[in-house]
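Student: Can you keep this structure in mind? I'll have questions shortly.
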Amino acid sequence: MGGVAVGYALRAQRLYARALTPATGAVRWEHEISPSAQPATAELAPVRAGEDVVLLQPEPAFSPQHARLSVVDPATGREVQRSPAMLFSTAPESCFAGRSVCALATPEAGEPVLGYRLNLDSGAFSPYAQDAPQGARGLAAPGLVALGAAPTEQIAQLRDGAQRWRQPLTAIFPRVPAATGTTWNLHATEAVYVGSGYARALRGTTATTLDLATDPISAALDETTGRLLWRQPGTVTDCAGRISLTRRGVRCRYSGKIMTSYANRATTSSHLQVALEGFDPRTGATRWSTPLGAATKLAIGESRLPVADENTIAVNGLLIDLRTGSRAEPAAGQVMWCPKRVRFDLAGTKRLGGEVVSPCDALGRPIATSPAPVPAGGNDGDLPAGGNDGDLPAGGNDGDLPPATLAVGAVAGGFAIVATATGYSGTAIPAAPGIGGRKSTG
């Protein structure tokens, strides 16, 4: 992206967008970032619009939460378009055929939240011209918003200034209490949104109990019409975020129970069984299924599974290919990356960032050797708080660059760059035909 890698870094309780020179790790430019009025559960990460990067930059003269949409040239850090100061309740996203940036915002607290667009050509900033619902809340997947509140809450698609469709939450997830507790991904090739949620756990005298065969549920909506395509109880897409490689239709199917104690918040399981499945996003049909037994790492806690390459994760010491479900033993001494979700304090609020990774083995145990053996630049010690943004290779490599690094890194200027727990690290990519360019926001 403009010959640089763009990521977020935390320094002295302030968040910055930072562009790194791939070959040296030198900071090309940085701008302070504001979450504005986004909820604490919103992931803060760089956003791409065409060949530019879009940031929310603070406007403290108005209030601690006011910010402006700032469109920045990634090569130079120069601001090319900007909005007035607003309270933004969603992250910006590219819209109107890539010629605008859209977000939900309000000029002042207490005023209606509307959809706004920043025209990348003219710089005009205005509310949507038609059918923009008030009070909409973003649901992370492109165009998807929540409207209203229980028991009449709805999920709708808001795209290019128009509300295309809406569906009652209860028609999608009959027992899920709120849309903000659901997670969604857009599978663009199949033109379908796939999401998951949980029913309320049963409250007992000493603990809550979640019945894994019925309380978690996944469903799919047609991107164009919002029509419910399928619903599957007992399943959660991407195993509730425990699988970082989200480019494929993968879910966990559960049975058994999970209990959480009131006294100490300890979580235990009973009769737990987990199967990892590949599925067709359009029909919900299972493409392959791999039983994993009582795989607690896929049911309890937030640990993310080790990544071996762009298609392969490790579960309980075995490699699983997410294309087919086939299992294999790892090579002797094989080094992988273990991803971890970034959580950090910002202005007194716990926030979510992207991922950082650390070297590990197939059981997730830390090891000293890195899958990226040729560091190509340092950092100043700031904590990476968001993903990189670059071009992820669509082809292979000549074997010198470990595949785990290509799976978790972003590529810019001939280097694969990863965010680690201690800073950003770059590894040179050997020249080879076919390496080239699908986009990643890391």
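Numbering starts fresh at 1 for the residues of each chain in the structure tokens, the chains themselves are lettered A, B, ... in the order given, and ligands are numbered from 1 as they appear.
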May I have the residues within 7 Å of stretch 54-64 of chain A as a ChimeraX atom specification, using only C-alpha atoms and disregarding those fewer than 5 positions away in the same chain?
Tutor: /A:32-35,46-49,69-72,85
Student: Can you write out the residues you just picked, keeping N, CA, C and O atoms, as a tab-separated table (two decimals), in the first residue's frame?
Tutor:
```tsv
chain	number	residue	atom	x	y	z
A	32	GLU	N	-1.89	10.44	15.20
A	32	GLU	CA	-2.66	9.96	16.34
A	32	GLU	C	-4.06	9.55	15.89
A	32	GLU	O	-4.65	10.16	15.00
A	33	ILE	N	-4.59	8.51	16.55
A	33	ILE	CA	-5.87	7.91	16.19
A	33	ILE	C	-6.84	8.05	17.35
A	33	ILE	O	-6.46	7.98	18.52
A	34	SER	N	-8.12	8.23	17.03
A	34	SER	CA	-9.17	8.25	18.03
A	34	SER	C	-10.20	7.17	17.73
A	34	SER	O	-10.58	6.99	16.57
A	35	PRO	N	-10.69	6.46	18.76
A	35	PRO	CA	-11.82	5.54	18.53
A	35	PRO	C	-13.13	6.29	18.38
A	35	PRO	O	-14.14	5.71	18.00
A	46	PRO	N	-6.41	-0.35	10.75
A	46	PRO	CA	-6.40	0.52	9.57
A	46	PRO	C	-7.49	0.14	8.58
A	46	PRO	O	-7.90	-1.01	8.48
A	47	VAL	N	-7.97	1.14	7.84
A	47	VAL	CA	-9.02	0.95	6.83
A	47	VAL	C	-8.50	1.45	5.49
A	47	VAL	O	-7.92	2.53	5.40
A	48	ARG	N	-8.72	0.68	4.44
A	48	ARG	CA	-8.28	1.04	3.10
A	48	ARG	C	-9.45	1.62	2.32
A	48	ARG	O	-10.58	1.14	2.39
A	49	ALA	N	-9.17	2.68	1.54
A	49	ALA	CA	-10.13	3.21	0.58
A	49	ALA	C	-9.37	3.47	-0.70
A	49	ALA	O	-8.60	4.44	-0.79
A	69	LEU	N	-12.84	12.26	9.94
A	69	LEU	CA	-12.40	11.30	8.93
A	69	LEU	C	-11.24	11.91	8.19
A	69	LEU	O	-11.35	13.01	7.64
A	70	SER	N	-10.13	11.20	8.15
A	70	SER	CA	-8.93	11.72	7.49
A	70	SER	C	-8.45	10.71	6.46
A	70	SER	O	-8.16	9.56	6.79
A	71	VAL	N	-8.42	11.13	5.20
A	71	VAL	CA	-7.94	10.28	4.11
A	71	VAL	C	-6.49	10.66	3.84
A	71	VAL	O	-6.18	11.81	3.54
A	72	VAL	N	-5.60	9.67	3.98
A	72	VAL	CA	-4.16	9.94	3.99
A	72	VAL	C	-3.48	9.18	2.87
A	72	VAL	O	-3.78	8.00	2.62
A	85	ALA	N	-15.40	17.79	12.36
A	85	ALA	CA	-15.37	17.04	13.61
A	85	ALA	C	-16.75	16.46	13.89
A	85	ALA	O	-17.76	17.16	13.83
```
Student: Fewer than 5 positions away in the same chain doesn't count, so skip those; otherwise give me all residues within 7 Å of stretch 156-160 of chain A, counting only C-alpha atoms, as a short mmCIF file (atom, residue, chain, number, x, y, z; two decimals) with all heavy atoms, in the first residue's frame.
Tutor:
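Result went into out_24.cif, see below:
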```
data_model
loop_
_atom_site.label_atom_id
_atom_site.label_comp_id
_atom_site.auth_asym_id
_atom_site.auth_seq_id
_atom_site.Cartn_x
_atom_site.Cartn_y
_atom_site.Cartn_z
N CYS A 95 -17.15 3.01 0.11
CA CYS A 95 -18.53 2.92 -0.38
C CYS A 95 -18.64 3.67 -1.72
O CYS A 95 -17.68 4.31 -2.17
CB CYS A 95 -19.52 3.49 0.64
SG CYS A 95 -19.18 5.19 1.13
N PHE A 96 -19.83 3.61 -2.32
CA PHE A 96 -20.11 4.28 -3.60
C PHE A 96 -19.00 3.98 -4.62
O PHE A 96 -18.33 4.87 -5.14
CB PHE A 96 -20.27 5.78 -3.39
CG PHE A 96 -21.51 6.16 -2.64
CD1 PHE A 96 -21.47 6.34 -1.26
CD2 PHE A 96 -22.72 6.31 -3.30
CE1 PHE A 96 -22.61 6.68 -0.55
CE2 PHE A 96 -23.88 6.64 -2.59
CZ PHE A 96 -23.82 6.82 -1.21
N GLY A 143 -21.42 -3.01 5.61
CA GLY A 143 -22.80 -2.67 5.33
C GLY A 143 -23.81 -3.14 6.34
O GLY A 143 -24.98 -2.76 6.28
N LEU A 144 -23.43 -3.97 7.30
CA LEU A 144 -24.38 -4.58 8.23
C LEU A 144 -24.52 -3.71 9.48
O LEU A 144 -23.52 -3.33 10.09
CB LEU A 144 -23.94 -5.98 8.60
CG LEU A 144 -25.03 -7.04 8.81
CD1 LEU A 144 -25.88 -7.18 7.56
CD2 LEU A 144 -24.42 -8.36 9.20
N VAL A 145 -25.76 -3.41 9.88
CA VAL A 145 -26.02 -2.57 11.05
C VAL A 145 -27.15 -3.19 11.87
O VAL A 145 -27.94 -4.00 11.37
CB VAL A 145 -26.40 -1.13 10.66
CG1 VAL A 145 -25.26 -0.45 9.91
CG2 VAL A 145 -27.69 -1.10 9.84
N ALA A 146 -27.22 -2.78 13.15
CA ALA A 146 -28.32 -3.15 14.03
C ALA A 146 -29.19 -1.92 14.25
O ALA A 146 -28.69 -0.80 14.38
CB ALA A 146 -27.79 -3.67 15.35
N TRP A 165 -32.30 -3.69 2.98
CA TRP A 165 -33.24 -4.64 3.57
C TRP A 165 -33.07 -4.63 5.08
O TRP A 165 -32.10 -4.09 5.60
CB TRP A 165 -33.05 -6.06 3.02
CG TRP A 165 -31.63 -6.57 3.04
CD1 TRP A 165 -30.77 -6.62 1.99
CD2 TRP A 165 -30.92 -7.12 4.16
NE1 TRP A 165 -29.55 -7.15 2.37
CE2 TRP A 165 -29.62 -7.46 3.72
CE3 TRP A 165 -31.22 -7.34 5.49
CZ2 TRP A 165 -28.65 -8.03 4.54
CZ3 TRP A 165 -30.26 -7.89 6.34
CH2 TRP A 165 -28.99 -8.23 5.85
N ARG A 166 -34.05 -5.20 5.78
CA ARG A 166 -33.95 -5.38 7.22
C ARG A 166 -34.67 -6.66 7.62
O ARG A 166 -35.62 -7.08 6.97
CB ARG A 166 -34.50 -4.18 7.98
CG ARG A 166 -35.98 -3.90 7.76
CD ARG A 166 -36.50 -2.85 8.74
NE ARG A 166 -35.95 -1.52 8.49
CZ ARG A 166 -36.10 -0.49 9.31
NH1 ARG A 166 -36.74 -0.64 10.46
NH2 ARG A 166 -35.62 0.69 9.00
N GLN A 167 -34.18 -7.28 8.69
CA GLN A 167 -34.75 -8.52 9.19
C GLN A 167 -34.84 -8.44 10.71
O GLN A 167 -33.89 -7.99 11.38
CB GLN A 167 -33.84 -9.71 8.83
CG GLN A 167 -34.02 -10.24 7.43
CD GLN A 167 -35.08 -11.34 7.41
OE1 GLN A 167 -35.99 -11.37 8.23
NE2 GLN A 167 -34.97 -12.23 6.45
#
```
Student: Can you measure atom CA of A:Glu277 to atom CA of A:Thr324 for me? One decimal in Å is fine.
Tutor: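 Interatomic distance, atom CA of A:Glu277 to atom CA of A:Thr324: 9.1 Å.
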Student: Rank A:Leu139, A:Ala314, A:Ala266, A:Val274 by their smallest atom-to-atom distance to A:Ala295, using only C-alpha atoms, and report the top residue only.
Tutor: A:Val274
Student: Between stretch 212-249 of chain A and stretch 256-263 of chain A, at 12 Å or less, what are the per-residue closest atom pairs and their distances in Å? Count only C-alpha atoms, order by chain and rising residue number, and return it as JSON lines.
Tutor:
```
{"residue": "A:Leu212", "atom": "CA", "partner": "A:Gly256", "partner_atom": "CA", "distance": 5.5}
{"residue": "A:Ala213", "atom": "CA", "partner": "A:Gly256", "partner_atom": "CA", "distance": 6.6}
{"residue": "A:Thr214", "atom": "CA", "partner": "A:Gly256", "partner_atom": "CA", "distance": 9.7}
{"residue": "A:Asp215", "atom": "CA", "partner": "A:Lys257", "partner_atom": "CA", "distance": 9.8}
{"residue": "A:Pro216", "atom": "CA", "partner": "A:Lys257", "partner_atom": "CA", "distance": 11.1}
{"residue": "A:Gly234", "atom": "CA", "partner": "A:Gly256", "partner_atom": "CA", "distance": 9.8}
```
Student: Could you list, as a JSON list (two decimals) with N, CA and C atoms, in the first residue's frame, every residue within 6 Å of stretch 98-106 of chain A, counting only C-alpha atoms and ignoring same-chain residues fewer than 3 positions away?
Tutor:
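selection-v4.json was written with the following content:
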```
[["chain", "number", "residue", "atom", "x", "y", "z"],
["A", 86, "MET", "N", -16.80, 15.16, 14.19],
["A", 86, "MET", "CA", -18.06, 14.45, 14.44],
["A", 86, "MET", "C", -17.81, 13.42, 15.54],
["A", 87, "LEU", "N", -18.90, 12.82, 16.02],
["A", 87, "LEU", "CA", -18.83, 11.65, 16.90],
["A", 87, "LEU", "C", -19.16, 10.43, 16.06],
["A", 88, "PHE", "N", -18.15, 9.62, 15.77],
["A", 88, "PHE", "CA", -18.32, 8.46, 14.87],
["A", 88, "PHE", "C", -18.61, 7.22, 15.70],
["A", 89, "SER", "N", -19.72, 6.55, 15.39],
["A", 89, "SER", "CA", -20.09, 5.34, 16.12],
["A", 89, "SER", "C", -19.70, 4.06, 15.38],
["A", 90, "THR", "N", -19.20, 4.17, 14.15],
["A", 90, "THR", "CA", -18.67, 3.02, 13.43],
["A", 90, "THR", "C", -17.36, 3.40, 12.77],
["A", 92, "PRO", "N", -14.91, 3.78, 9.56],
["A", 92, "PRO", "CA", -15.19, 4.11, 8.16],
["A", 92, "PRO", "C", -15.04, 2.90, 7.27],
["A", 93, "GLU", "N", -15.77, 2.90, 6.14],
["A", 93, "GLU", "CA", -15.60, 1.85, 5.15],
["A", 93, "GLU", "C", -15.77, 2.45, 3.76],
["A", 94, "SER", "N", -15.12, 1.82, 2.80],
["A", 94, "SER", "CA", -15.21, 2.28, 1.42],
["A", 94, "SER", "C", -16.63, 2.06, 0.90],
["A", 95, "CYS", "N", -17.15, 3.01, 0.11],
["A", 95, "CYS", "CA", -18.53, 2.92, -0.38],
["A", 95, "CYS", "C", -18.64, 3.67, -1.72],
["A", 113, "VAL", "N", -28.01, 9.85, 15.11],
["A", 113, "VAL", "CA", -26.89, 9.23, 14.41],
["A", 113, "VAL", "C", -27.34, 8.89, 13.00],
["A", 114, "LEU", "N", -26.65, 9.41, 12.02],
["A", 114, "LEU", "CA", -26.99, 9.20, 10.61],
["A", 114, "LEU", "C", -25.80, 8.63, 9.86],
["A", 115, "GLY", "N", -26.07, 8.13, 8.65],
["A", 115, "GLY", "CA", -24.99, 7.72, 7.77],
["A", 115, "GLY", "C", -24.44, 8.93, 7.03],
["A", 116, "TYR", "N", -23.11, 9.06, 7.02],
["A", 116, "TYR", "CA", -22.45, 10.16, 6.31],
["A", 116, "TYR", "C", -21.46, 9.59, 5.30],
["A", 117, "ARG", "N", -21.24, 10.38, 4.23],
["A", 117, "ARG", "CA", -20.24, 9.99, 3.23],
["A", 117, "ARG", "C", -19.28, 11.14, 3.01],
["A", 118, "LEU", "N", -18.01, 10.79, 2.85],
["A", 118, "LEU", "CA", -16.97, 11.75, 2.47],
["A", 118, "LEU", "C", -16.56, 11.42, 1.05],
["A", 119, "ASN", "N", -16.85, 12.33, 0.11],
["A", 119, "ASN", "CA", -16.53, 12.12, -1.29],
["A", 119, "ASN", "C", -15.02, 12.29, -1.50],
["A", 120, "LEU", "N", -14.36, 11.25, -1.99],
["A", 120, "LEU", "CA", -12.91, 11.29, -2.13],
["A", 120, "LEU", "C", -12.46, 12.23, -3.25]]
```
Student: Take atom CA of A:Gly195 and atom CA of A:Pro174 and report the distance between them in Å, one decimal.
Tutor: 13.5 Å
Student: At a cut-off of 10 Å, using only C-alpha atoms, what residues contact A:Ala368? Leave out same-chain residues fewer than 3 positions from it and give the result as JSON, numbers by chain.
Tutor: {"A": [335, 358, 359, 360, 371]}
Student: Hey, can you spit out that residue selection with C-alpha atoms as an mmCIF file, in the first residue's frame?
Tutor:
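part_13.cif written:
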```cif
data_model
loop_
_atom_site.group_PDB
_atom_site.id
_atom_site.type_symbol
_atom_site.label_atom_id
_atom_site.label_comp_id
_atom_site.auth_asym_id
_atom_site.auth_seq_id
_atom_site.Cartn_x
_atom_site.Cartn_y
_atom_site.Cartn_z
ATOM 1 C CA VAL A 335 7.884 -23.412 14.060
ATOM 2 C CA SER A 358 4.700 -15.044 18.796
ATOM 3 C CA PRO A 359 6.656 -18.149 17.744
ATOM 4 C CA CYS A 360 5.287 -21.427 19.073
ATOM 5 C CA PRO A 371 9.333 -18.440 11.776
#
```
Student: Write out as an MDAnalysis selection string the set of residues from stretch 5-248 of chain A that DSSP, computed on the backbone, places in helix (DSSP H, G or I).
Tutor: chainID A and resid 169:172 179:181 238:241
Student: Give me a file of those residues, with N, CA, C and O atoms, as an mmCIF file, in the first residue's frame.
Tutor:
```cif
data_model
loop_
_atom_site.group_PDB
_atom_site.id
_atom_site.type_symbol
_atom_site.label_atom_id
_atom_site.label_comp_id
_atom_site.auth_asym_id
_atom_site.auth_seq_id
_atom_site.Cartn_x
_atom_site.Cartn_y
_atom_site.Cartn_z
ATOM 1 N N LEU A 169 -34.201 -9.501 14.371
ATOM 2 C CA LEU A 169 -33.179 -10.373 14.949
ATOM 3 C C LEU A 169 -33.781 -11.717 15.335
ATOM 4 O O LEU A 169 -33.153 -12.768 15.154
ATOM 5 N N THR A 170 -35.013 -11.712 15.850
ATOM 6 C CA THR A 170 -35.635 -12.962 16.288
ATOM 7 C C THR A 170 -35.935 -13.905 15.125
ATOM 8 O O THR A 170 -36.076 -15.109 15.324
ATOM 9 N N ALA A 171 -36.040 -13.367 13.896
ATOM 10 C CA ALA A 171 -36.251 -14.229 12.737
ATOM 11 C C ALA A 171 -34.962 -14.933 12.323
ATOM 12 O O ALA A 171 -34.996 -15.970 11.648
ATOM 13 N N ILE A 172 -33.829 -14.368 12.732
ATOM 14 C CA ILE A 172 -32.529 -14.961 12.400
ATOM 15 C C ILE A 172 -32.046 -15.847 13.536
ATOM 16 O O ILE A 172 -31.708 -17.014 13.353
ATOM 17 N N ALA A 179 -28.243 -8.016 19.054
ATOM 18 C CA ALA A 179 -27.395 -8.095 17.862
ATOM 19 C C ALA A 179 -25.942 -7.787 18.169
ATOM 20 O O ALA A 179 -25.034 -8.272 17.488
ATOM 21 N N THR A 180 -25.691 -6.959 19.189
ATOM 22 C CA THR A 180 -24.309 -6.624 19.530
ATOM 23 C C THR A 180 -23.548 -7.841 20.058
ATOM 24 O O THR A 180 -22.331 -7.812 20.125
ATOM 25 N N GLY A 181 -24.264 -8.912 20.420
ATOM 26 C CA GLY A 181 -23.593 -10.134 20.840
ATOM 27 C C GLY A 181 -23.370 -11.117 19.717
ATOM 28 O O GLY A 181 -22.966 -12.257 19.964
ATOM 29 N N ASP A 238 -15.803 -19.789 12.630
ATOM 30 C CA ASP A 238 -14.431 -19.495 13.033
ATOM 31 C C ASP A 238 -14.173 -19.869 14.485
ATOM 32 O O ASP A 238 -13.229 -19.364 15.109
ATOM 33 N N CYS A 239 -15.035 -20.746 15.024
ATOM 34 C CA CYS A 239 -14.871 -21.224 16.411
ATOM 35 C C CYS A 239 -14.740 -20.058 17.381
ATOM 36 O O CYS A 239 -13.866 -20.031 18.247
ATOM 37 N N ALA A 240 -15.628 -19.056 17.199
ATOM 38 C CA ALA A 240 -15.687 -17.866 18.072
ATOM 39 C C ALA A 240 -14.363 -17.105 18.076
ATOM 40 O O ALA A 240 -13.909 -16.637 19.114
ATOM 41 N N GLY A 241 -13.766 -16.953 16.886
ATOM 42 C CA GLY A 241 -12.546 -16.162 16.761
ATOM 43 C C GLY A 241 -11.277 -16.883 17.124
ATOM 44 O O GLY A 241 -10.193 -16.290 17.086
#
```
Student: Can you measure atom CA of A:Leu228 to atom CA of A:Ser255 for me? One decimal in Å is fine.
Tutor: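 Atom CA of A:Leu228 sits 24.3 Å away from atom CA of A:Ser255.
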Student: Quick one: residues within 12 Å of A:Arg175, only C-alpha atoms counted, chain neighbours fewer than 6 positions away excluded, as a VMD selection string?
Tutor: chain A and resid 150 to 151 169 181 to 182 196 to 201 214 to 218 233
Student: May I ask which of the residues A:Leu229, A:Leu319, A:Ala419, A:Ala191 is the closest one to A:Val6, counting only C-alpha atoms?
Tutor: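 Under the stated criterion, the closest residue is A:Ala419.
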Student: Going by DSSP on the backbone, which bits of stretch 117-159 of chain A are strand (DSSP E)? Write them as an mmCIF file with all heavy atoms, in the first residue's frame, please.
Tutor:
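Saved as selection08.cif:
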```cif
data_model
loop_
_atom_site.group_PDB
_atom_site.id
_atom_site.type_symbol
_atom_site.label_atom_id
_atom_site.label_comp_id
_atom_site.auth_asym_id
_atom_site.auth_seq_id
_atom_site.Cartn_x
_atom_site.Cartn_y
_atom_site.Cartn_z
ATOM 1 N N ARG A 117 -21.237 10.378 4.234
ATOM 2 C CA ARG A 117 -20.240 9.992 3.234
ATOM 3 C C ARG A 117 -19.280 11.144 3.010
ATOM 4 O O ARG A 117 -19.669 12.316 2.990
ATOM 5 C CB ARG A 117 -20.901 9.604 1.917
ATOM 6 C CG ARG A 117 -21.654 10.734 1.241
ATOM 7 C CD ARG A 117 -22.297 10.316 -0.068
ATOM 8 N NE ARG A 117 -21.333 10.039 -1.124
ATOM 9 C CZ ARG A 117 -21.661 9.907 -2.409
ATOM 10 N NH1 ARG A 117 -22.934 10.006 -2.786
ATOM 11 N NH2 ARG A 117 -20.746 9.667 -3.312
ATOM 12 N N LEU A 118 -18.006 10.795 2.852
ATOM 13 C CA LEU A 118 -16.971 11.746 2.470
ATOM 14 C C LEU A 118 -16.564 11.420 1.050
ATOM 15 O O LEU A 118 -16.019 10.338 0.772
ATOM 16 C CB LEU A 118 -15.770 11.644 3.413
ATOM 17 C CG LEU A 118 -14.547 12.495 3.074
ATOM 18 C CD1 LEU A 118 -14.883 13.987 3.116
ATOM 19 C CD2 LEU A 118 -13.382 12.182 4.014
ATOM 20 N N ASN A 119 -16.847 12.333 0.114
ATOM 21 C CA ASN A 119 -16.530 12.122 -1.292
ATOM 22 C C ASN A 119 -15.023 12.295 -1.496
ATOM 23 O O ASN A 119 -14.459 13.345 -1.200
ATOM 24 C CB ASN A 119 -17.305 13.118 -2.159
ATOM 25 C CG ASN A 119 -17.179 12.819 -3.628
ATOM 26 O OD1 ASN A 119 -16.087 12.839 -4.186
ATOM 27 N ND2 ASN A 119 -18.310 12.546 -4.274
ATOM 28 N N PHE A 125 -18.784 16.414 2.396
ATOM 29 C CA PHE A 125 -19.173 15.544 3.496
ATOM 30 C C PHE A 125 -20.640 15.797 3.783
ATOM 31 O O PHE A 125 -21.038 16.919 4.104
ATOM 32 C CB PHE A 125 -18.321 15.838 4.733
ATOM 33 C CG PHE A 125 -18.580 14.916 5.888
ATOM 34 C CD1 PHE A 125 -18.118 13.607 5.868
ATOM 35 C CD2 PHE A 125 -19.277 15.354 7.006
ATOM 36 C CE1 PHE A 125 -18.352 12.755 6.933
ATOM 37 C CE2 PHE A 125 -19.507 14.507 8.088
ATOM 38 C CZ PHE A 125 -19.035 13.204 8.048
ATOM 39 N N SER A 126 -21.486 14.770 3.652
ATOM 40 C CA SER A 126 -22.921 14.992 3.754
ATOM 41 C C SER A 126 -23.611 13.724 4.229
ATOM 42 O O SER A 126 -23.086 12.613 4.070
ATOM 43 C CB SER A 126 -23.490 15.399 2.393
ATOM 44 O OG SER A 126 -23.239 14.374 1.434
ATOM 45 N N PRO A 127 -24.836 13.865 4.818
ATOM 46 C CA PRO A 127 -25.619 12.671 5.152
ATOM 47 C C PRO A 127 -26.048 11.946 3.895
ATOM 48 O O PRO A 127 -26.105 12.531 2.812
ATOM 49 C CB PRO A 127 -26.838 13.233 5.901
ATOM 50 C CG PRO A 127 -26.553 14.663 6.153
ATOM 51 C CD PRO A 127 -25.516 15.095 5.184
ATOM 52 N N ARG A 137 -26.292 0.931 14.492
ATOM 53 C CA ARG A 137 -25.025 0.540 15.119
ATOM 54 C C ARG A 137 -24.331 -0.473 14.225
ATOM 55 O O ARG A 137 -24.948 -1.457 13.807
ATOM 56 C CB ARG A 137 -25.281 -0.069 16.505
ATOM 57 C CG ARG A 137 -26.042 0.882 17.424
ATOM 58 C CD ARG A 137 -26.462 0.228 18.728
ATOM 59 N NE ARG A 137 -27.291 -0.964 18.553
ATOM 60 C CZ ARG A 137 -28.580 -0.941 18.215
ATOM 61 N NH1 ARG A 137 -29.187 0.210 17.975
ATOM 62 N NH2 ARG A 137 -29.269 -2.058 18.106
ATOM 63 N N GLY A 138 -23.080 -0.240 13.919
ATOM 64 C CA GLY A 138 -22.350 -1.113 13.013
ATOM 65 C C GLY A 138 -22.112 -2.490 13.600
ATOM 66 O O GLY A 138 -21.904 -2.655 14.803
ATOM 67 N N LEU A 144 -23.430 -3.972 7.305
ATOM 68 C CA LEU A 144 -24.383 -4.576 8.227
ATOM 69 C C LEU A 144 -24.516 -3.713 9.482
ATOM 70 O O LEU A 144 -23.515 -3.326 10.094
ATOM 71 C CB LEU A 144 -23.936 -5.984 8.598
ATOM 72 C CG LEU A 144 -25.030 -7.039 8.809
ATOM 73 C CD1 LEU A 144 -25.884 -7.176 7.564
ATOM 74 C CD2 LEU A 144 -24.423 -8.361 9.205
ATOM 75 N N VAL A 145 -25.764 -3.411 9.879
ATOM 76 C CA VAL A 145 -26.021 -2.573 11.052
ATOM 77 C C VAL A 145 -27.153 -3.189 11.867
ATOM 78 O O VAL A 145 -27.941 -4.004 11.372
ATOM 79 C CB VAL A 145 -26.403 -1.126 10.662
ATOM 80 C CG1 VAL A 145 -25.261 -0.453 9.913
ATOM 81 C CG2 VAL A 145 -27.692 -1.102 9.841
ATOM 82 N N ALA A 146 -27.215 -2.781 13.145
ATOM 83 C CA ALA A 146 -28.323 -3.146 14.030
ATOM 84 C C ALA A 146 -29.192 -1.924 14.249
ATOM 85 O O ALA A 146 -28.687 -0.804 14.384
ATOM 86 C CB ALA A 146 -27.789 -3.672 15.351
ATOM 87 N N LEU A 147 -30.511 -2.133 14.293
ATOM 88 C CA LEU A 147 -31.475 -1.048 14.476
ATOM 89 C C LEU A 147 -32.377 -1.372 15.659
ATOM 90 O O LEU A 147 -32.778 -2.527 15.845
ATOM 91 C CB LEU A 147 -32.349 -0.872 13.230
ATOM 92 C CG LEU A 147 -31.642 -0.682 11.886
ATOM 93 C CD1 LEU A 147 -32.669 -0.662 10.761
ATOM 94 C CD2 LEU A 147 -30.838 0.599 11.886
ATOM 95 N N GLN A 154 -33.583 -5.147 14.970
ATOM 96 C CA GLN A 154 -33.480 -5.643 13.607
ATOM 97 C C GLN A 154 -32.033 -5.569 13.121
ATOM 98 O O GLN A 154 -31.237 -4.771 13.624
ATOM 99 C CB GLN A 154 -34.370 -4.824 12.667
ATOM 100 C CG GLN A 154 -35.850 -4.924 12.983
ATOM 101 C CD GLN A 154 -36.682 -4.079 12.042
ATOM 102 O OE1 GLN A 154 -36.355 -2.926 11.786
ATOM 103 N NE2 GLN A 154 -37.752 -4.644 11.514
ATOM 104 N N ILE A 155 -31.722 -6.405 12.157
ATOM 105 C CA ILE A 155 -30.452 -6.341 11.440
ATOM 106 C C ILE A 155 -30.758 -5.882 10.021
ATOM 107 O O ILE A 155 -31.700 -6.375 9.387
ATOM 108 C CB ILE A 155 -29.739 -7.696 11.449
ATOM 109 C CG1 ILE A 155 -29.205 -7.993 12.859
ATOM 110 C CG2 ILE A 155 -28.597 -7.729 10.440
ATOM 111 C CD1 ILE A 155 -28.481 -9.311 12.985
ATOM 112 N N ALA A 156 -29.973 -4.904 9.545
ATOM 113 C CA ALA A 156 -30.248 -4.313 8.239
ATOM 114 C C ALA A 156 -28.946 -4.141 7.468
ATOM 115 O O ALA A 156 -27.851 -4.133 8.044
ATOM 116 C CB ALA A 156 -30.948 -2.966 8.400
ATOM 117 N N GLN A 157 -29.101 -3.991 6.169
ATOM 118 C CA GLN A 157 -27.955 -3.640 5.335
ATOM 119 C C GLN A 157 -28.082 -2.181 4.903
ATOM 120 O O GLN A 157 -29.102 -1.778 4.331
ATOM 121 C CB GLN A 157 -27.862 -4.519 4.098
ATOM 122 C CG GLN A 157 -26.564 -4.269 3.305
ATOM 123 C CD GLN A 157 -26.615 -4.857 1.916
ATOM 124 O OE1 GLN A 157 -27.398 -4.447 1.075
ATOM 125 N NE2 GLN A 157 -25.761 -5.849 1.661
ATOM 126 N N LEU A 158 -27.059 -1.416 5.207
ATOM 127 C CA LEU A 158 -26.990 -0.012 4.811
ATOM 128 C C LEU A 158 -25.798 0.134 3.881
ATOM 129 O O LEU A 158 -24.654 -0.012 4.307
ATOM 130 C CB LEU A 158 -26.825 0.872 6.054
ATOM 131 C CG LEU A 158 -26.765 2.375 5.823
ATOM 132 C CD1 LEU A 158 -28.069 2.889 5.249
ATOM 133 C CD2 LEU A 158 -26.448 3.094 7.140
ATOM 134 N N ARG A 159 -26.070 0.402 2.621
ATOM 135 C CA ARG A 159 -24.972 0.432 1.648
ATOM 136 C C ARG A 159 -25.210 1.544 0.642
ATOM 137 O O ARG A 159 -26.302 1.686 0.099
ATOM 138 C CB ARG A 159 -24.857 -0.926 0.944
ATOM 139 C CG ARG A 159 -23.790 -0.984 -0.111
ATOM 140 C CD ARG A 159 -23.452 -2.401 -0.479
ATOM 141 N NE ARG A 159 -22.704 -3.089 0.587
ATOM 142 C CZ ARG A 159 -22.395 -4.385 0.562
ATOM 143 N NH1 ARG A 159 -22.811 -5.136 -0.443
ATOM 144 N NH2 ARG A 159 -21.701 -4.925 1.529
#
```
